[in-house]
file work-v3.txt (compact mmCIF, C-alpha atoms)
# COMPACT_ATOMS: atom_id res chain seq x y z
CA MET A 296 18.36 -34.90 -6.41
CA LYS A 297 21.15 -32.31 -6.41
CA PHE A 298 20.25 -31.35 -9.99
CA LEU A 299 16.60 -30.81 -8.99
CA LEU A 300 17.69 -28.69 -6.04
CA LEU A 301 19.87 -26.59 -8.35
CA ILE A 302 16.92 -26.01 -10.70
CA VAL A 303 14.62 -24.98 -7.84
CA THR A 304 17.30 -22.66 -6.44
CA PHE A 305 17.84 -21.09 -9.87
CA LEU A 306 14.11 -20.58 -10.46
CA PHE A 307 13.65 -19.00 -7.02
CA ALA A 308 16.66 -16.68 -7.51
CA SER A 309 15.36 -15.70 -10.95
CA PHE A 310 11.88 -14.98 -9.57
CA PHE A 311 13.22 -12.92 -6.68
CA GLN A 312 15.50 -10.93 -8.99
CA ASP A 313 12.55 -10.09 -11.28
CA TYR A 314 10.35 -9.29 -8.29
CA SER A 315 13.02 -7.08 -6.68
CA THR A 316 13.39 -5.21 -9.98
CA GLU A 317 9.62 -4.59 -10.04
CA ILE A 318 9.58 -3.23 -6.48
CA ARG A 319 12.68 -1.07 -7.00
CA SER A 320 11.04 0.39 -10.09
CA TRP A 321 7.96 1.25 -7.99
CA GLN A 322 10.20 2.82 -5.34
CA ASP A 323 12.03 4.86 -7.99
CA GLU A 324 8.75 6.14 -9.43
CA LEU A 325 7.55 7.11 -5.95
CA ASN A 326 10.79 8.96 -5.24
CA GLU A 327 10.55 10.77 -8.58
CA SER A 328 7.05 11.98 -7.74
CA PHE A 329 8.37 13.31 -4.43
CA ARG A 330 11.17 15.18 -6.24
CA ASP A 331 8.66 16.82 -8.61
CA LYS A 332 8.12 20.36 -7.31
CA GLU A 333 4.61 20.45 -8.76
CA ALA A 334 3.45 17.09 -7.39
CA SER A 335 5.49 16.55 -4.21
CA PRO A 336 3.64 16.52 -0.88
CA LEU A 337 6.81 17.67 0.87
CA GLU A 338 7.11 21.12 2.35
CA LYS A 339 9.61 23.36 0.54
CA LYS A 340 12.18 23.08 3.33
CA ASP A 341 12.04 19.27 3.17
CA LEU A 342 12.02 19.13 -0.63
CA LYS A 343 15.35 20.98 -0.75
CA LYS A 344 17.11 18.24 1.21
CA PHE A 345 15.09 15.26 -0.08
CA LYS A 346 17.30 12.32 -1.14
CA GLY A 347 14.72 9.56 -1.16
CA LEU A 348 12.10 7.84 0.95
CA PRO A 349 13.11 5.22 3.52
CA PHE A 350 11.94 1.71 2.62
CA PHE A 351 11.91 -1.61 4.41
CA ASP A 352 14.00 -4.33 2.78
CA ILE A 353 12.12 -6.01 -0.07
CA ASP A 354 10.48 -9.18 1.22
CA SER A 355 8.49 -11.28 -1.25
CA SER A 356 6.70 -13.06 1.61
CA PHE A 357 4.69 -9.85 2.05
CA CYS A 358 3.29 -10.21 -1.47
CA ILE A 359 0.20 -12.40 -1.24
CA VAL A 360 -2.72 -13.52 -3.37
CA ALA A 361 -5.93 -13.22 -1.37
CA SER A 362 -9.36 -14.73 -1.91
CA PHE A 363 -11.69 -11.92 -2.90
CA GLN A 364 -15.43 -11.75 -2.31
CA ARG A 365 -17.35 -8.82 -3.75
CA THR A 366 -19.90 -7.14 -1.48
CA PRO A 367 -22.18 -5.35 -3.99
CA ASN A 368 -25.00 -4.47 -1.59
CA THR A 369 -23.03 -2.46 0.96
CA LEU A 370 -24.18 1.11 1.53
CA PRO A 371 -21.97 4.17 0.95
CA PHE A 372 -20.42 5.69 4.06
CA THR A 373 -18.22 8.64 4.95
CA MET A 374 -14.67 7.77 5.98
CA PRO A 375 -13.13 10.04 8.66
CA THR A 376 -10.01 11.93 7.66
CA THR A 377 -7.33 13.99 9.37
CA THR A 378 -9.46 17.09 8.64
CA GLU A 379 -13.19 17.78 8.50
CA ARG A 380 -13.42 16.40 4.96
CA LEU A 381 -15.59 13.28 4.71
CA PRO A 382 -15.08 11.40 1.43
CA VAL A 383 -17.69 8.81 0.48
CA TYR A 384 -16.65 5.18 0.06
CA VAL A 385 -18.28 1.80 -0.33
CA GLN A 386 -16.91 -1.50 0.81
CA TYR A 387 -16.26 -3.09 -2.58
CA GLY A 388 -15.21 -6.47 -1.27
CA ILE A 389 -13.51 -8.62 1.35
CA ALA A 390 -9.97 -9.99 0.97
CA SER A 391 -9.12 -13.13 2.97
CA PHE A 392 -5.54 -14.31 3.31
CA THR A 393 -2.89 -15.80 5.57
CA LEU A 394 0.23 -13.79 6.37
CA LYS A 395 3.03 -14.86 8.70
CA GLY A 396 0.83 -17.63 10.11
CA GLN A 397 -2.15 -15.37 10.85
CA ASN A 398 -5.50 -15.29 9.06
CA PHE A 399 -6.95 -11.95 8.00
CA THR A 400 -10.26 -10.79 6.56
CA MET A 401 -9.86 -7.22 5.33
CA PRO A 402 -12.44 -4.88 3.76
CA ILE A 403 -11.35 -3.25 0.48
CA PHE A 404 -12.93 0.09 -0.42
CA GLN A 405 -13.84 2.15 -3.48
CA ASN A 406 -13.95 5.96 -3.48
CA GLN A 407 -17.28 7.09 -4.91
CA SER A 408 -15.88 10.32 -6.36
CA LEU A 409 -12.88 8.71 -8.05
CA VAL A 410 -14.98 5.97 -9.62
CA LEU A 411 -16.65 8.66 -11.79
CA THR A 412 -13.36 9.40 -13.58
CA GLU A 413 -12.14 7.03 -16.29
CA GLU A 414 -8.59 6.99 -14.94
CA TYR A 415 -9.68 5.68 -11.54
CA GLU A 416 -12.85 3.70 -12.26
CA GLU A 417 -11.00 0.41 -11.56
CA TYR A 418 -9.17 1.81 -8.49
CA LEU A 419 -9.60 0.16 -5.09
CA PHE A 420 -8.31 1.44 -1.76
CA PHE A 421 -6.80 -0.65 1.03
CA PRO A 422 -5.91 1.43 4.12
CA PHE A 423 -4.49 -0.48 7.07
CA THR A 424 -2.77 -0.17 10.41
CA ASP A 425 -0.33 -2.64 11.94
CA LEU A 426 1.98 -3.14 14.91
CA SER A 427 4.89 -1.32 13.25
CA ASN A 428 2.95 1.98 13.27
CA GLY A 429 4.52 4.63 15.44
CA PHE A 430 7.81 2.76 15.46
CA GLU A 431 9.36 1.90 12.10
CA SER A 432 6.34 2.97 10.06
CA TYR A 433 4.04 6.00 10.10
CA GLY A 434 1.82 6.14 13.18
CA GLY A 435 -1.39 6.79 11.28
CA GLY A 436 -1.23 3.68 9.11
CA ARG A 437 -0.51 3.21 5.42
CA TYR A 438 -2.28 2.63 2.11
CA ILE A 439 -2.06 0.17 -0.79
CA ASP A 440 -3.56 0.90 -4.22
CA LEU A 441 -5.36 -2.02 -5.85
CA CYS A 442 -7.29 -2.67 -9.06
CA VAL A 443 -10.67 -4.34 -9.44
CA PRO A 444 -9.78 -8.01 -9.99
CA GLN A 445 -11.12 -10.04 -12.90
CA SER A 446 -11.56 -13.14 -10.72
CA ASP A 447 -12.12 -14.17 -7.11
CA LYS A 448 -8.44 -13.54 -6.32
CA ILE A 449 -6.64 -10.27 -5.66
CA LYS A 450 -2.92 -9.55 -5.31
CA ILE A 451 -1.94 -7.49 -2.28
CA ASP A 452 1.70 -6.43 -2.12
CA PHE A 453 2.69 -4.86 1.18
CA ASN A 454 6.06 -3.95 -0.36
CA LYS A 455 4.02 -1.26 -2.14
CA ALA A 456 2.48 0.12 1.06
CA TYR A 457 2.93 3.89 1.22
CA ASN A 458 2.31 6.70 3.67
CA PRO A 459 -0.60 9.13 3.34
CA TYR A 460 0.45 12.63 2.29
CA CYS A 461 -0.37 14.00 5.74
CA ALA A 462 2.66 12.06 7.02
CA TYR A 463 4.76 14.67 5.18
CA ASN A 464 2.65 17.80 5.28
CA ALA A 465 -0.20 18.76 7.64
CA LYS A 466 -2.06 20.64 4.90
CA TYR A 467 -3.33 17.37 3.41
CA SER A 468 -6.57 15.63 4.32
CA CYS A 469 -6.02 11.87 4.57
CA PRO A 470 -8.47 9.02 5.22
CA ILE A 471 -7.98 7.33 8.58
CA PRO A 472 -7.86 3.52 8.25
CA PRO A 473 -11.00 1.99 9.81
CA GLN A 474 -10.66 -0.20 12.88
CA SER A 475 -11.75 -3.15 10.73
CA ASN A 476 -8.44 -2.81 8.86
CA ASP A 477 -6.17 -3.05 11.91
CA MET A 478 -3.71 -5.91 11.51
CA ASN A 479 -2.32 -7.50 14.67
CA ILE A 480 1.07 -8.08 13.08
CA GLU A 481 4.14 -6.05 12.11
CA ILE A 482 4.12 -5.24 8.41
CA ASN A 483 7.83 -4.60 7.88
CA ALA A 484 7.43 -3.85 4.19
CA GLY A 485 6.86 -0.79 2.03
CA VAL A 486 7.58 2.79 3.02
CA LYS A 487 8.96 3.45 6.49
CA ALA A 488 8.22 6.42 8.75
CA TRP A 489 9.39 9.75 7.38
CA LYS A 490 12.22 11.39 9.32
CA TYR A 491 12.26 15.18 9.12

call {"tool": "encode", "arguments": {"input": "work-v3.txt", "output": "structure tokens"}}
result
Amino acid sequence: MKFLLLIVTFLFASFFQDYSTEIRSWQDELNESFRDKEASPLEKKDLKKFKGLPFFDIDSSFCIVASFQRTPNTLPFTMPTTTERLPVYVQYGIASFTLKGQNFTMPIFQNQSLVLTEEYEEYLFFPFTDLSNGFESYGGGRYIDLCVPQSDKIKIDFNKAYNPYCAYNAKYSCPIPPQSNDMNIEINAGVKAWKY
């Protein structure tokens, strides 16, 4: 029994180490993009003193595999943004999952302009709000990038949740997460609120 417990403990530690490495790599890439003068959303005054984005502690329980149902007959719609811009999206599918004891059914979207470019034709968009917004995370909600799944399952990793660019610079036009994507739970994972 003790031997079995040791094996399970080793496998879990090995998995978490690999998973933590994956998330830290994602965090490093995000920080590098923010340091890039050509690509950074930061204002010049903030870029000069930028040392890295604040992140929640990595928590593998916020990485879930959801059931995914495609919704091919939904009509295109314009998603409100922080400016007058109105990008066109379709609801590509519905993700259903349980997180921290709560059941969620969340629409997943596809940008109808991006889908025309080869680089983003498999790109899906999951904007959401949660109870941490305005406290430890950005008040306007956060985003997660997803890919079109090859099955009826889709991986959603809240440790990769990031802030819209308008959280750092008012010149950007950012989609506002629809009310349908409001989660009545604290998502203490991913990028935290930006402190100026």

call {"tool": "closest_residue", "arguments": {"input": "work-v3.txt", "among": "A:Lys455, A:Lys466, A:Lys344, A:Lys487", "to": "Glu324 (chain A)", "atoms": "only C-alpha atoms"}}
result
A:Lys455

call {"tool": "residues_around", "arguments": {"input": "work-v3.txt", "residues": "Phe350 (chain A)", "least_positions_apart": "5", "cutoff": "10 Å", "atoms": "only C-alpha atoms", "output": "list in words"}}
result
Gln322, Glu431, Ser432, Asn454, Lys455, Ala456, Tyr457, Asn483, Ala484, Gly485, Val486, Lys487, Ala488 and Trp489 of chain A

call {"tool": "axis_aligned_box", "arguments": {"input": "work-v3.txt", "around": "region 355-369 of chain A", "padding_each_side": "4 Å", "output": "lines of an AutoDock Vina configuration file"}}
result
center_x = -8.3
center_y = -8.6
center_z = -1.0
size_x = 41.5
size_y = 20.3
size_z = 14.0

call {"tool": "atom_distance", "arguments": {"input": "work-v3.txt", "atom1": "CA of Gly388 (chain A)", "atom2": "CA of Ser320 (chain A)"}}
result
28.5 Å

call {"tool": "residues_around", "arguments": {"input": "work-v3.txt", "residues": "Ala361 (chain A)", "least_positions_apart": "5", "cutoff": "9 Å", "atoms": "all atoms listed in the file", "output": "list of chain:residue names"}}
result
A:Ala390, A:Ser391, A:Phe392, A:Thr393, A:Asp447, A:Lys448, A:Ile449, A:Lys450, A:Ile451

call {"tool": "atom_distance", "arguments": {"input": "work-v3.txt", "atom1": "CA of Arg330 (chain A)", "atom2": "CA of Glu414 (chain A)"}}
result
23.1 Å

call {"tool": "closest_residue", "arguments": {"input": "work-v3.txt", "among": "A:Tyr438, A:Ser328, A:Ala462, A:Glu417", "to": "Lys490 (chain A)", "atoms": "all atoms listed in the file"}}
result
A:Ala462

call {"tool": "atom_distance", "arguments": {"input": "work-v3.txt", "atom1": "CA of Ile359 (chain A)", "atom2": "CA of Gln445 (chain A)"}}
result
16.4 Å

call {"tool": "closest_residue", "arguments": {"input": "work-v3.txt", "among": "A:Ile480, A:Pro444, A:Pro371, A:Phe430", "to": "Ile389 (chain A)", "atoms": "only C-alpha atoms"}}
result
A:Pro444

call {"tool": "residues_near_point", "arguments": {"input": "work-v3.txt", "point": "(2.7, -2.6, 16.4)", "cutoff": "7 Å", "atoms": "only C-alpha atoms", "output": "list in words"}}
result
Asp425, Leu426, Ser427, Asn428, Ile480 and Glu481 of chain A

call {"tool": "residues_around", "arguments": {"input": "work-v3.txt", "residues": "Gly435 (chain A)", "least_positions_apart": "5", "cutoff": "9 Å", "atoms": "all atoms listed in the file", "output": "NGL selection string"}}
result
:A and (423-424 or 428-429 or 458-459 or 462 or 471-472)
